[in-house]
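Asks: Contents are mmCIF, C-alpha atoms and all ligand atoms; file name protein_6.cif:
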data_data
loop_
_atom_site.label_atom_id
_atom_site.label_comp_id
_atom_site.auth_asym_id
_atom_site.auth_seq_id
_atom_site.Cartn_x
_atom_site.Cartn_y
_atom_site.Cartn_z
CA MET G 626 -30.51 42.80 7.43
CA GLU G 627 -33.98 41.25 7.19
CA ASN G 628 -35.65 39.43 10.08
CA PHE G 629 -35.25 35.69 9.80
CA SER G 630 -35.95 32.36 11.42
CA LEU G 631 -33.65 29.48 10.60
CA HIS G 632 -33.95 25.83 11.57
CA MET G 633 -31.36 23.42 10.18
CA PRO G 634 -31.91 20.20 12.11
CA THR G 635 -30.07 17.81 9.77
CA ARG G 636 -27.26 15.98 11.55
CA ILE G 637 -24.29 15.55 9.23
CA PHE G 638 -22.03 12.52 9.36
CA PHE G 639 -19.12 13.71 7.24
CA GLY G 640 -16.17 11.65 6.04
CA THR G 641 -15.35 8.06 5.31
CA GLY G 642 -17.08 4.92 6.52
CA HIS G 643 -20.37 6.20 7.94
CA GLU G 644 -22.48 4.40 5.31
CA GLU G 645 -21.07 1.09 6.51
CA LYS G 646 -22.67 1.83 9.89
CA ILE G 647 -25.95 3.07 8.46
CA GLY G 648 -27.90 0.31 10.24
CA SER G 649 -26.66 1.34 13.68
CA LEU G 650 -27.08 5.03 12.82
CA LEU G 651 -30.72 4.39 11.97
CA LYS G 652 -31.16 2.46 15.23
CA ARG G 653 -29.88 5.55 17.07
CA PHE G 654 -32.76 7.44 15.48
CA GLY G 655 -35.22 4.77 16.62
CA VAL G 656 -35.75 3.32 13.16
CA SER G 657 -36.40 -0.39 12.57
CA GLU G 658 -37.92 -0.32 9.08
CA VAL G 659 -37.08 1.76 5.99
CA LEU G 660 -37.94 2.35 2.38
CA LEU G 661 -34.56 2.21 0.62
CA HIS G 662 -34.92 4.63 -2.29
CA TYR G 663 -32.33 4.98 -5.05
CA GLY G 664 -31.76 5.89 -8.68
CA GLY G 665 -30.88 4.20 -11.93
CA GLY G 666 -28.13 1.91 -10.75
CA SER G 667 -25.00 3.94 -9.93
CA ILE G 668 -25.12 2.78 -6.31
CA LYS G 669 -25.12 -0.85 -7.42
CA ALA G 670 -22.20 -0.33 -9.79
CA SER G 671 -20.18 1.51 -7.13
CA GLY G 672 -20.72 -1.09 -4.40
CA LEU G 673 -22.53 1.38 -2.14
CA TYR G 674 -25.77 -0.60 -2.36
CA ASP G 675 -24.04 -3.73 -1.04
CA LYS G 676 -22.47 -1.84 1.88
CA ILE G 677 -25.79 -0.30 2.85
CA THR G 678 -27.90 -3.41 2.58
CA ALA G 679 -25.28 -5.41 4.54
CA SER G 680 -25.36 -2.83 7.31
CA LEU G 681 -29.17 -2.80 7.37
CA ARG G 682 -29.22 -6.60 7.60
CA ALA G 683 -26.65 -6.60 10.39
CA ALA G 684 -28.76 -4.12 12.37
CA LYS G 685 -31.92 -6.16 11.61
CA ILE G 686 -33.59 -3.21 9.94
CA HIS G 687 -36.39 -4.34 7.69
CA CYS G 688 -36.00 -2.91 4.23
CA THR G 689 -38.46 -2.32 1.37
CA GLU G 690 -36.78 -1.16 -1.83
CA LEU G 691 -37.76 1.25 -4.55
CA GLY G 692 -35.07 2.01 -7.12
CA GLY G 693 -35.31 3.58 -10.57
CA VAL G 694 -35.63 7.24 -9.66
CA ARG G 695 -34.61 9.12 -12.78
CA PRO G 696 -32.81 12.47 -12.93
CA ASN G 697 -35.44 15.24 -12.80
CA PRO G 698 -37.59 12.85 -10.74
CA VAL G 699 -41.19 12.22 -11.71
CA LEU G 700 -44.50 12.17 -9.90
CA SER G 701 -45.37 8.64 -11.01
CA THR G 702 -42.41 7.22 -9.06
CA VAL G 703 -43.44 9.31 -6.06
CA ARG G 704 -46.95 7.86 -6.25
CA GLU G 705 -45.50 4.36 -6.50
CA GLY G 706 -43.44 5.04 -3.36
CA ILE G 707 -46.44 6.39 -1.47
CA ALA G 708 -48.47 3.28 -2.29
CA LEU G 709 -45.58 1.01 -1.29
CA CYS G 710 -45.03 2.73 2.06
CA ARG G 711 -48.73 2.62 2.85
CA GLU G 712 -49.03 -1.04 1.87
CA ARG G 713 -46.03 -2.06 4.00
CA GLY G 714 -46.54 0.44 6.84
CA VAL G 715 -43.13 2.03 6.27
CA GLN G 716 -42.54 5.23 8.27
CA PHE G 717 -38.96 6.18 7.35
CA ILE G 718 -37.23 6.71 3.99
CA LEU G 719 -33.53 6.23 3.38
CA ALA G 720 -32.57 8.01 0.15
CA VAL G 721 -29.26 6.92 -1.35
CA GLY G 722 -28.21 9.08 -4.30
CA GLY G 723 -28.37 12.68 -5.46
CA GLY G 724 -30.93 15.44 -5.41
CA SER G 725 -33.33 13.49 -7.61
CA VAL G 726 -33.50 10.50 -5.27
CA ILE G 727 -33.65 12.69 -2.17
CA ASP G 728 -36.43 14.85 -3.62
CA SER G 729 -38.40 11.80 -4.64
CA ALA G 730 -38.02 10.54 -1.06
CA LYS G 731 -39.18 13.88 0.35
CA ALA G 732 -42.27 13.88 -1.86
CA ILE G 733 -43.13 10.32 -0.85
CA ALA G 734 -42.64 11.35 2.78
CA ALA G 735 -45.10 14.22 2.32
CA GLY G 736 -47.63 12.07 0.47
CA VAL G 737 -47.90 9.04 2.76
CA PRO G 738 -49.67 10.72 5.72
CA TYR G 739 -51.86 12.89 3.45
CA ASP G 740 -55.32 11.78 2.32
CA GLY G 741 -55.34 13.79 -0.89
CA ASP G 742 -53.03 13.94 -3.91
CA VAL G 743 -49.41 14.83 -3.10
CA TRP G 744 -49.38 17.26 -6.06
CA ASP G 745 -51.62 19.52 -3.93
CA PHE G 746 -48.50 20.64 -2.04
CA PHE G 747 -46.55 22.01 -5.00
CA TYR G 748 -45.93 25.70 -5.74
CA PRO G 749 -46.66 28.22 -7.09
CA MET G 750 -50.29 27.66 -6.13
CA PRO G 751 -50.38 24.87 -3.55
CA LYS G 752 -53.83 23.67 -2.59
CA LYS G 753 -52.64 22.48 0.82
CA ARG G 754 -49.90 23.17 3.36
CA ILE G 755 -47.81 20.22 4.47
CA GLU G 756 -48.56 19.47 8.11
CA LYS G 757 -46.92 16.11 8.58
CA MET G 758 -44.23 14.07 6.85
CA LEU G 759 -42.42 10.79 7.30
CA ARG G 760 -38.80 11.22 8.28
CA VAL G 761 -36.08 11.04 5.63
CA ALA G 762 -32.34 10.37 5.90
CA THR G 763 -29.84 10.47 3.05
CA VAL G 764 -26.57 9.00 1.86
CA LEU G 765 -25.37 11.56 -0.68
CA THR G 766 -23.52 10.48 -3.84
CA ILE G 767 -23.22 13.77 -5.76
CA PRO G 768 -22.43 17.27 -4.51
CA ALA G 769 -24.97 19.46 -6.27
CA ALA G 770 -28.58 20.12 -5.32
CA GLY G 771 -28.07 20.54 -1.58
CA SER G 772 -31.24 18.57 -0.92
CA GLU G 773 -29.34 16.64 1.77
CA MET G 774 -29.90 19.61 4.11
CA SER G 775 -32.42 21.77 2.28
CA ASP G 776 -36.06 22.50 3.00
CA SER G 777 -37.03 21.95 -0.66
CA CYS G 778 -38.24 19.25 -3.00
CA VAL G 779 -38.53 19.46 -6.80
CA ILE G 780 -40.63 17.00 -8.83
CA THR G 781 -41.82 16.83 -12.43
CA ASN G 782 -45.47 16.00 -13.06
CA GLU G 783 -45.49 14.10 -16.37
CA ASP G 784 -49.07 15.25 -16.84
CA GLY G 785 -48.41 18.69 -18.38
CA ASN G 786 -44.63 18.36 -17.99
CA LEU G 787 -44.61 20.65 -14.98
CA LYS G 788 -41.46 20.81 -12.86
CA ARG G 789 -42.50 22.29 -9.54
CA SER G 790 -41.33 22.47 -5.93
CA PHE G 791 -42.39 22.77 -2.32
CA SER G 792 -40.47 24.08 0.64
CA THR G 793 -40.99 23.30 4.31
CA ASP G 794 -38.67 22.74 7.25
CA LEU G 795 -40.50 19.43 7.73
CA CYS G 796 -38.69 18.01 4.71
CA ARG G 797 -35.17 18.64 5.95
CA PRO G 798 -33.56 15.22 6.37
CA VAL G 799 -33.01 14.07 9.96
CA PHE G 800 -29.48 13.07 9.02
CA SER G 801 -27.27 12.91 5.97
CA VAL G 802 -24.15 10.84 5.38
CA LEU G 803 -21.61 12.84 3.38
CA ASN G 804 -18.69 10.65 2.40
CA PRO G 805 -16.67 12.26 -0.41
CA GLU G 806 -15.47 8.76 -1.38
CA ASN G 807 -19.01 8.07 -2.58
CA THR G 808 -18.49 10.62 -5.36
CA ARG G 809 -15.45 8.78 -6.74
CA THR G 810 -17.51 7.13 -9.51
CA LEU G 811 -19.23 10.34 -10.56
CA PRO G 812 -18.85 11.16 -14.28
CA LYS G 813 -17.05 14.50 -14.72
CA TYR G 814 -20.06 15.85 -16.59
CA GLN G 815 -22.33 15.22 -13.58
CA LEU G 816 -19.74 16.77 -11.30
CA ALA G 817 -19.63 19.87 -13.51
CA CYS G 818 -23.45 20.09 -13.39
CA GLY G 819 -23.27 19.85 -9.60
CA ILE G 820 -20.61 22.57 -9.40
CA THR G 821 -22.83 24.85 -11.49
CA ASP G 822 -25.87 24.16 -9.31
CA MET G 823 -24.10 24.90 -6.05
CA LEU G 824 -22.73 28.16 -7.45
CA ALA G 825 -26.24 29.00 -8.63
CA HIS G 826 -27.59 28.44 -5.11
CA VAL G 827 -25.17 31.06 -3.85
CA PHE G 828 -25.88 33.47 -6.74
CA GLU G 829 -29.61 33.26 -6.01
CA ARG G 830 -28.91 34.52 -2.49
CA TYR G 831 -26.01 36.87 -3.25
CA PHE G 832 -27.90 39.04 -5.74
CA THR G 833 -30.30 40.65 -3.33
CA ASN G 834 -31.85 43.99 -2.57
CA SER G 835 -31.38 43.44 1.19
CA ARG G 836 -28.97 45.98 2.65
CA GLU G 837 -26.23 45.69 5.29
CA VAL G 838 -25.75 41.96 4.87
CA GLU G 839 -21.97 42.03 5.05
CA LEU G 840 -21.61 38.80 7.01
CA THR G 841 -23.60 36.69 4.57
CA ASP G 842 -22.07 38.54 1.60
CA ARG G 843 -18.66 37.40 2.81
CA LEU G 844 -19.86 33.87 3.56
CA CYS G 845 -21.32 33.69 0.04
CA GLU G 846 -18.05 34.93 -1.46
CA ALA G 847 -16.06 32.37 0.53
CA VAL G 848 -18.27 29.51 -0.68
CA MET G 849 -18.16 30.70 -4.31
CA GLN G 850 -14.36 31.04 -4.26
CA THR G 851 -14.00 27.62 -2.65
CA VAL G 852 -16.20 25.99 -5.27
CA ILE G 853 -14.37 27.67 -8.17
CA PHE G 854 -10.94 26.77 -6.74
CA ASN G 855 -11.82 23.15 -6.04
CA ALA G 856 -13.71 22.68 -9.31
CA GLN G 857 -10.48 22.71 -11.26
CA ARG G 858 -8.83 20.25 -8.85
CA ALA G 859 -11.81 17.92 -8.88
CA LEU G 860 -12.30 17.98 -12.64
CA ASP G 861 -8.61 17.79 -13.59
CA ALA G 862 -7.47 15.04 -11.30
CA GLU G 863 -8.36 11.33 -11.35
CA PHE G 864 -9.93 11.62 -7.93
CA ASP G 865 -8.89 14.18 -5.35
CA TYR G 866 -10.43 13.40 -1.96
CA GLU G 867 -9.80 16.84 -0.47
CA ALA G 868 -11.30 18.65 -3.46
CA ALA G 869 -14.27 16.28 -3.36
CA ALA G 870 -14.66 16.93 0.38
CA ASN G 871 -14.63 20.70 -0.03
CA LEU G 872 -17.18 20.50 -2.85
CA MET G 873 -19.43 18.16 -0.91
CA TRP G 874 -19.55 20.43 2.12
CA ALA G 875 -19.97 23.47 -0.13
CA SER G 876 -23.00 21.87 -1.78
CA SER G 877 -24.71 21.57 1.60
CA LEU G 878 -23.72 25.02 2.85
CA ALA G 879 -24.78 26.63 -0.42
CA HIS G 880 -28.36 25.52 0.06
CA ASN G 881 -29.08 24.82 3.74
CA GLY G 882 -30.31 28.36 4.36
CA LEU G 883 -27.28 29.75 6.20
CA LEU G 884 -26.09 31.93 3.31
CA GLY G 885 -29.56 33.37 2.76
CA ALA G 886 -30.27 34.23 6.40
CA GLY G 887 -31.31 37.85 6.69
CA ARG G 888 -31.53 38.47 2.97
CA VAL G 889 -34.22 38.04 0.31
CA GLY G 890 -33.09 35.62 -2.38
CA ASP G 891 -33.93 35.91 -6.07
CA TRP G 892 -34.67 32.40 -7.50
CA ALA G 893 -35.82 33.53 -10.97
CA SER G 894 -33.02 31.60 -12.68
CA HIS G 895 -34.09 28.40 -10.94
CA GLY G 896 -37.70 28.86 -11.96
CA ILE G 897 -36.71 29.54 -15.57
CA GLU G 898 -34.29 26.61 -15.63
CA HIS G 899 -36.91 24.19 -14.39
CA GLU G 900 -38.70 24.73 -17.70
CA LEU G 901 -35.55 23.75 -19.61
CA SER G 902 -35.22 20.56 -17.55
CA ALA G 903 -38.91 19.79 -18.01
CA LYS G 904 -38.87 20.35 -21.79
CA TYR G 905 -35.45 19.08 -22.85
CA GLY G 906 -34.59 16.73 -19.98
CA VAL G 907 -31.33 18.64 -19.49
CA ALA G 908 -29.57 18.21 -16.14
CA HIS G 909 -30.58 21.01 -13.76
CA GLY G 910 -26.99 22.27 -13.40
CA GLU G 911 -26.38 22.51 -17.12
CA GLY G 912 -29.70 24.29 -17.62
CA LEU G 913 -28.59 26.84 -15.04
CA ALA G 914 -25.28 27.36 -16.89
CA ILE G 915 -27.40 28.46 -19.86
CA VAL G 916 -29.88 30.65 -17.97
CA LEU G 917 -27.62 32.39 -15.44
CA PRO G 918 -25.37 34.46 -17.76
CA GLY G 919 -28.48 35.59 -19.67
CA TRP G 920 -30.20 36.52 -16.40
CA MET G 921 -27.11 38.38 -15.16
CA ARG G 922 -26.78 40.43 -18.36
CA TYR G 923 -30.50 41.27 -18.22
CA VAL G 924 -30.57 42.50 -14.60
CA TYR G 925 -27.07 43.74 -13.69
CA LYS G 926 -27.90 47.42 -14.26
CA HIS G 927 -30.34 47.17 -11.35
CA ASP G 928 -27.31 47.12 -9.00
CA VAL G 929 -24.07 47.60 -10.90
CA THR G 930 -22.14 48.01 -7.66
CA ARG G 931 -23.11 44.57 -6.44
CA PHE G 932 -22.11 42.98 -9.75
CA ALA G 933 -18.81 44.91 -9.65
CA ARG G 934 -18.18 43.60 -6.14
CA PHE G 935 -18.95 40.08 -7.40
CA ALA G 936 -16.35 40.51 -10.15
CA SER G 937 -13.77 41.73 -7.71
CA LYS G 938 -14.34 39.45 -4.71
CA VAL G 939 -15.22 36.24 -6.52
CA TRP G 940 -13.37 36.43 -9.83
CA GLY G 941 -10.40 38.49 -8.64
CA PHE G 942 -10.73 41.53 -10.94
CA GLU G 943 -9.14 44.65 -9.51
CA MET G 944 -11.75 47.01 -8.07
CA ASN G 945 -12.09 50.14 -10.19
CA ILE G 946 -14.71 52.56 -8.91
CA ASN G 947 -14.40 54.58 -12.12
CA ASP G 948 -15.63 51.71 -14.26
CA LEU G 949 -18.15 49.68 -12.28
CA GLU G 950 -20.04 48.81 -15.49
CA GLY G 951 -16.92 47.36 -17.09
CA LEU G 952 -16.12 45.43 -13.95
CA ALA G 953 -19.66 44.05 -13.73
CA ALA G 954 -19.37 42.87 -17.35
CA ASP G 955 -16.01 41.23 -16.58
CA GLY G 956 -17.58 39.27 -13.72
CA ILE G 957 -20.50 38.10 -15.84
CA ASN G 958 -18.18 37.11 -18.71
CA ALA G 959 -15.93 35.24 -16.27
CA THR G 960 -18.95 33.33 -14.96
CA ALA G 961 -20.04 32.35 -18.48
CA GLU G 962 -16.49 31.34 -19.44
CA PHE G 963 -16.14 29.26 -16.29
CA PHE G 964 -19.30 27.29 -17.10
CA LYS G 965 -18.02 26.66 -20.64
CA ALA G 966 -14.59 25.66 -19.35
CA ILE G 967 -16.07 22.97 -17.13
CA GLY G 968 -18.00 21.55 -20.08
CA MET G 969 -21.44 23.09 -19.80
CA ARG G 970 -23.38 24.03 -22.91
CA SER G 971 -24.34 27.71 -23.14
CA LYS G 972 -27.27 27.90 -25.55
CA ILE G 973 -30.81 26.54 -25.68
CA SER G 974 -30.21 25.61 -29.32
CA GLU G 975 -27.49 23.21 -28.14
CA LEU G 976 -30.27 21.35 -26.29
CA GLY G 977 -32.25 21.10 -29.52
CA GLY G 978 -34.43 24.11 -28.74
CA THR G 979 -35.62 26.60 -31.35
CA ALA G 980 -37.06 30.12 -31.38
CA GLU G 981 -40.56 28.60 -31.55
CA ASP G 982 -40.04 27.06 -28.10
CA ILE G 983 -39.46 30.38 -26.31
CA PRO G 984 -43.13 31.44 -25.94
CA TYR G 985 -43.96 27.96 -24.57
CA LEU G 986 -41.07 28.06 -22.08
CA ALA G 987 -41.92 31.59 -20.91
CA ALA G 988 -45.62 30.80 -20.59
CA HIS G 989 -44.91 27.68 -18.53
CA THR G 990 -42.50 29.39 -16.12
CA ALA G 991 -44.07 29.40 -12.67
CA LEU G 992 -44.90 33.08 -12.20
CA VAL G 993 -46.00 33.97 -8.69
CA PRO G 994 -49.36 35.64 -8.05
CA PRO G 995 -50.67 38.26 -7.53
CA ALA G 996 -48.06 40.21 -9.56
CA MET G 997 -47.41 37.21 -11.87
CA THR G 998 -43.69 37.77 -11.79
CA ILE G 999 -40.74 35.59 -10.88
CA GLY G 1000 -37.69 36.62 -8.85
CA ASN G 1001 -37.08 39.30 -6.25
CA PHE G 1002 -33.83 41.08 -7.21
CA VAL G 1003 -35.65 42.22 -10.33
CA PRO G 1004 -39.19 40.80 -10.57
CA LEU G 1005 -39.55 39.41 -14.10
CA THR G 1006 -42.71 39.25 -16.16
CA GLU G 1007 -43.38 36.63 -18.83
CA THR G 1008 -41.98 39.09 -21.40
CA ASP G 1009 -38.77 39.49 -19.39
CA VAL G 1010 -38.44 35.72 -19.20
CA SER G 1011 -38.88 35.53 -22.99
CA ASN G 1012 -36.21 38.18 -23.49
CA ILE G 1013 -33.74 36.32 -21.28
CA LEU G 1014 -34.42 33.02 -23.01
CA ASN G 1015 -34.04 34.63 -26.43
CA SER G 1016 -30.69 36.07 -25.35
CA VAL G 1017 -29.38 32.56 -24.70
CA LEU G 1018 -31.07 30.85 -27.66
O1 LIG I 1101 -29.60 7.50 -11.01
P1 LIG I 1101 -28.21 7.07 -10.75
O2 LIG I 1101 -27.86 5.80 -11.39
O3 LIG I 1101 -27.84 7.10 -9.29
O4 LIG I 1101 -27.24 8.14 -11.50
C1 LIG I 1101 -27.18 9.51 -11.17
C2 LIG I 1101 -27.88 10.40 -12.19
O5 LIG I 1101 -27.85 9.81 -13.46
C3 LIG I 1101 -25.76 9.97 -11.31
N1 LIG I 1101 -24.97 9.78 -10.10
C4 LIG I 1101 -25.22 10.30 -8.88
N2 LIG I 1101 -24.24 9.95 -8.03
C5 LIG I 1101 -23.37 9.18 -8.72
C6 LIG I 1101 -23.84 9.06 -10.04
N3 LIG I 1101 -23.19 8.35 -10.99
C7 LIG I 1101 -22.05 7.74 -10.63
N4 LIG I 1101 -21.53 7.84 -9.37
C8 LIG I 1101 -22.14 8.55 -8.40
N5 LIG I 1101 -21.59 8.67 -7.19
O6 LIG I 1101 -25.83 11.36 -11.55
C9 LIG I 1101 -27.03 11.64 -12.26
C10 LIG I 1101 -27.66 12.89 -11.69
O7 LIG I 1101 -28.18 12.64 -10.41
P2 LIG I 1101 -29.25 13.64 -9.77
O8 LIG I 1101 -29.66 13.11 -8.46
O9 LIG I 1101 -30.30 13.95 -10.77
O10 LIG I 1101 -28.36 14.97 -9.58
P3 LIG I 1101 -28.54 16.20 -8.64
O11 LIG I 1101 -28.05 15.92 -7.27
O12 LIG I 1101 -27.94 17.33 -9.37
O13 LIG I 1101 -30.11 16.44 -8.51
C11 LIG I 1101 -30.82 17.14 -9.49
C12 LIG I 1101 -32.25 17.32 -9.07
O14 LIG I 1101 -32.34 18.08 -7.85
C13 LIG I 1101 -33.23 19.19 -8.07
C14 LIG I 1101 -33.04 19.48 -9.52
O15 LIG I 1101 -34.06 20.29 -10.03
C15 LIG I 1101 -33.02 18.09 -10.12
O16 LIG I 1101 -34.32 17.60 -10.26
N6 LIG I 1101 -32.93 20.25 -7.11
C16 LIG I 1101 -33.29 20.03 -5.83
C17 LIG I 1101 -33.11 20.99 -4.86
C18 LIG I 1101 -33.54 20.77 -3.47
N7 LIG I 1101 -34.29 19.72 -3.21
O17 LIG I 1101 -33.23 21.56 -2.56
C19 LIG I 1101 -32.52 22.30 -5.17
C20 LIG I 1101 -31.90 22.38 -6.51
O18 LIG I 1101 -31.92 23.71 -6.93
C21 LIG I 1101 -32.49 21.53 -7.57
O19 LIG I 1101 -33.59 22.17 -8.19
ZN ZN I 1102 -30.41 24.30 -8.05
#
Could you spell out this file's structure in C-alpha cells?
Replies:
Amino acid sequence: MENFSLHMPTRIFFGTGHEEKIGSLLKRFGVSEVLLHYGGGSIKASGLYDKITASLRAAKIHCTELGGVRPNPVLSTVREGIALCRERGVQFILAVGGGSVIDSAKAIAAGVPYDGDVWDFFYPMPKKRIEKMLRVATVLTIPAAGSEMSDSCVITNEDGNLKRSFSTDLCRPVFSVLNPENTRTLPKYQLACGITDMLAHVFERYFTNSREVELTDRLCEAVMQTVIFNAQRALDAEFDYEAAANLMWASSLAHNGLLGAGRVGDWASHGIEHELSAKYGVAHGEGLAIVLPGWMRYVYKHDVTRFARFASKVWGFEMNINDLEGLAADGINATAEFFKAIGMRSKISELGGTAEDIPYLAAHTALVPPAMTIGNFVPLTETDVSNILNSVL
C-alpha cells in the first residue's frame, strides 16, 4: 500500500427533506449571504428552486442568483460568477444541480479571492497554486460526477476548447445535501451517463500498479457491484427510491478519495474523454462509455491477473486460472455490453466524429510533463492515445 493523506471534510445530509431546511443549515455554518448557482432550468421545473429560495427567505439569507450553467461548464460563466460575487461581496456559494453546476461554483470560489485569471489554476500546467477559496455547499440533483465530495473541478475554456481541471482539498464542499428524491425528474439518459461516470471513477482507481491493496480492492468491487445491481432497478422502474439512494451514495463514495487511498490511480480515460466532451459536447459519462472499453483492451495485458479478477469479482465470471486472458476479455466485453445495455453509444463516429478528428483529439489530450504521457497504470503517449481512439472510432 502507498503512503497517503486523506481529508474528506464534507458533511453529508442524506435523505429526504434537508433542502427544505437549507436556510437553517447555512445559518449553522455561519452563512448569511450566498450566490445561488444552478443550471439550465431543471431545478425550476422540479420545484426544487422554490423550496430552496423559500427556505433561504425564511432564514433571512440574502441571495444573489446565477443560473444558466450548461453541461460541460464553461469559463465565461465562471468569470461572470466571479465578477458578481466581487460586486456584491458574496463569500459563500450554494450550488444546486449536478457536477457541472458544482464545478462552476468551485471555479468561481477559487477565482474570487485571486487577483489574476482563474484559468491560471488549471492543469496540466497550472501557473499558480490555489491558496484560498470561498466556501461551497451543494444540493445534488444527479448521481454522477462525485463533485459533491470531491477535491476536483473541471471547466471548459471556450478559447481553444480546452476542458481542464484542478484538484485541491480546498474545493471540497463544506456540506452536501443528498436527497435521492431530487433525482426523480432525471431523464434516464442522464442517469445512465451518471452510472457510467461513477463506475469510471472506480475503474480509474481499481486498475493500479500499487500492490497489497486488498482492502480498497474489495471496497472498489463492492461499489462497482452495487452500481451495476442498482442501475437496472433505477433504469427499469418508474422511480425506485432505494435504488436511487444506493446510486447517490455510490456516486459520492466512488470519487471522494476513500477508494483510492493507498493506491495510485490511472485517470488516462478521463483525460482522453475530456477531449470528446470538449469537441463533440457529449455528456462526460457517455464519452467515458466510448473510451473505457478501448482503453481496457489496449492495456489489459499489462496486468492480466487484475483484469481476470475484475471479471470474476465484478461481473461474476467463474475464476479460471488456466485462462486468465479469456477471463480478462470476458470482463472487458461485459463492461462494454453493460454500457450499451443502459443506452450509451460506443463509437466516436456515433458522435459525428471521423478519422480526421483523431490526430486533433490525441494532440489536445492533456499529456503530463516531463514524460508527456497520460495515465499511471500504463503511461500513454500521444500515439497510444491515437491508437485507443482509432479502436473506438
Ligand atoms: O442544467 P439543468 O437544467 O440542471 O439540467 C441538467 C443537465 O442538463 C440535468 N439534470 C441534472 N439533475 C437533474 C437534471 N434534469 C432533470 N432532473 C434532475 N434532477 O442533467 C444534465 C447533466 O448535468 P451535469 O451537471 O452536467 O451532469 P454531471 O453531474 O454528470 O456533471 C458532469 C460534469 O462534471 C464533470 C464532467 O467532466 C462534466 O463537466 N466532472 C467533475 C468531476 C469532479 N468535479 O470531481 C469528476 C468527473 O470525473 C467529471 O469530470
Ligand atoms: Zn468522471
Asks: Report as a tab-separated table the residues of segment 796-821 of chain G within 12 Å of segment 962-981 of chain G, each with its shortest atom pair and distance in Å (one decimal), using only C-alpha atoms, ordered by chain and increasing residue number.
Replies:
residue	atom	partner	partner_atom	distance
G:Pro812	CA	G:Gly968	CA	11.9
G:Lys813	CA	G:Ile967	CA	8.9
G:Tyr814	CA	G:Gly968	CA	7.0
G:Gln815	CA	G:Gly968	CA	10.1
G:Leu816	CA	G:Ile967	CA	9.3
G:Ala817	CA	G:Ile967	CA	5.9
G:Cys818	CA	G:Met969	CA	7.4
G:Gly819	CA	G:Met969	CA	10.9
G:Ile820	CA	G:Ile967	CA	9.0
G:Thr821	CA	G:Phe964	CA	7.1
Asks: May I have the selected residues written with C-alpha atoms, as a tab-separated table (two decimals), keeping the file's coordinate frame?
Replies:
chain	number	residue	atom	x	y	z
G	812	PRO	CA	-18.85	11.16	-14.28
G	813	LYS	CA	-17.05	14.50	-14.72
G	814	TYR	CA	-20.06	15.85	-16.59
G	815	GLN	CA	-22.33	15.22	-13.58
G	816	LEU	CA	-19.74	16.77	-11.30
G	817	ALA	CA	-19.63	19.87	-13.51
G	818	CYS	CA	-23.45	20.09	-13.39
G	819	GLY	CA	-23.27	19.85	-9.60
G	820	ILE	CA	-20.61	22.57	-9.40
G	821	THR	CA	-22.83	24.85	-11.49
Asks: When you look at segment 674-680 of chain G with a cut-off of 9 Å (counting only C-alpha atoms), what residues show up, excluding the ones that are within fewer than 6 positions of it in the same chain? I need them as a list in words.
Replies: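 Listing them by chain and then by number gives Glu644, Glu645, Lys646, Ile647, Gly648, Ser649, Leu661, Ser667, Ile668, Ile686, Cys688 and Val721 of chain G.
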Asks: Give the residues close to ligand ZN 1102 (chain I), within 6 Å, counting all atoms listed in the file; write them as a VMD selection string.
Replies: chain G and resid 770 822 826
Asks: How close does each residue of chain G get to ligand LIG 1101 (chain I), giving the shortest atom pair and distance in Å to one decimal for every residue with an atom at most 8 Å away, counting all atoms listed in the file, sorted by chain and residue number, as a Markdown table?
Replies:
| residue | atom | partner | partner_atom | distance |
| --- | --- | --- | --- | --- |
| G:Tyr663 | CA | I:LIG1101 | O3 | 6.5 |
| G:Gly664 | CA | I:LIG1101 | O1 | 3.6 |
| G:Gly665 | CA | I:LIG1101 | O2 | 3.5 |
| G:Gly666 | CA | I:LIG1101 | O2 | 4.0 |
| G:Ser667 | CA | I:LIG1101 | O2 | 3.7 |
| G:Ile668 | CA | I:LIG1101 | O3 | 5.9 |
| G:Ser671 | CA | I:LIG1101 | N4 | 6.8 |
| G:Gly693 | CA | I:LIG1101 | O1 | 6.9 |
| G:Val694 | CA | I:LIG1101 | O1 | 6.2 |
| G:Arg695 | CA | I:LIG1101 | O1 | 5.6 |
| G:Pro696 | CA | I:LIG1101 | O9 | 3.6 |
| G:Asn697 | CA | I:LIG1101 | O16 | 3.6 |
| G:Pro698 | CA | I:LIG1101 | O16 | 5.8 |
| G:Gly722 | CA | I:LIG1101 | O3 | 5.4 |
| G:Gly723 | CA | I:LIG1101 | O8 | 3.3 |
| G:Gly724 | CA | I:LIG1101 | O13 | 3.4 |
| G:Ser725 | CA | I:LIG1101 | O8 | 3.8 |
| G:Val726 | CA | I:LIG1101 | O8 | 5.6 |
| G:Ile727 | CA | I:LIG1101 | N7 | 7.1 |
| G:Asp728 | CA | I:LIG1101 | N7 | 5.3 |
| G:Leu765 | CA | I:LIG1101 | N2 | 7.6 |
| G:Thr766 | CA | I:LIG1101 | N5 | 4.3 |
| G:Ile767 | CA | I:LIG1101 | N2 | 4.6 |
| G:Pro768 | CA | I:LIG1101 | O11 | 6.4 |
| G:Ala769 | CA | I:LIG1101 | O12 | 4.8 |
| G:Ala770 | CA | I:LIG1101 | C20 | 4.2 |
| G:Gly771 | CA | I:LIG1101 | O17 | 5.4 |
| G:Ser772 | CA | I:LIG1101 | O17 | 3.9 |
| G:Glu773 | CA | I:LIG1101 | O17 | 7.6 |
| G:Met774 | CA | I:LIG1101 | O17 | 7.7 |
| G:Ser775 | CA | I:LIG1101 | O17 | 4.9 |
| G:Asp776 | CA | I:LIG1101 | O17 | 6.3 |
| G:Ser777 | CA | I:LIG1101 | O17 | 4.3 |
| G:Cys778 | CA | I:LIG1101 | N7 | 4.0 |
| G:Val779 | CA | I:LIG1101 | C16 | 5.4 |
| G:Ile780 | CA | I:LIG1101 | O16 | 6.5 |
| G:Thr781 | CA | I:LIG1101 | O16 | 7.8 |
| G:Lys788 | CA | I:LIG1101 | O15 | 7.9 |
| G:Asn807 | CA | I:LIG1101 | N5 | 5.3 |
| G:Thr808 | CA | I:LIG1101 | N5 | 4.1 |
| G:Arg809 | CA | I:LIG1101 | N5 | 6.2 |
| G:Thr810 | CA | I:LIG1101 | N4 | 4.1 |
| G:Leu811 | CA | I:LIG1101 | N4 | 3.6 |
| G:Pro812 | CA | I:LIG1101 | C7 | 5.9 |
| G:Gln815 | CA | I:LIG1101 | O6 | 5.6 |
| G:Cys818 | CA | I:LIG1101 | O12 | 6.6 |
| G:Gly819 | CA | I:LIG1101 | O12 | 5.3 |
| G:Asp822 | CA | I:LIG1101 | O18 | 6.5 |
| G:Met823 | CA | I:LIG1101 | O18 | 8.0 |
| G:Ala825 | CA | I:LIG1101 | O18 | 7.9 |
| G:His826 | CA | I:LIG1101 | O18 | 6.7 |
| G:His880 | CA | I:LIG1101 | O17 | 6.8 |
| G:His895 | CA | I:LIG1101 | O18 | 6.5 |
| G:His899 | CA | I:LIG1101 | O15 | 6.5 |
| G:Ser902 | CA | I:LIG1101 | O15 | 7.6 |
| G:Ala908 | CA | I:LIG1101 | C11 | 6.9 |
| G:His909 | CA | I:LIG1101 | C14 | 5.1 |
| G:Gly910 | CA | I:LIG1101 | O12 | 6.4 |
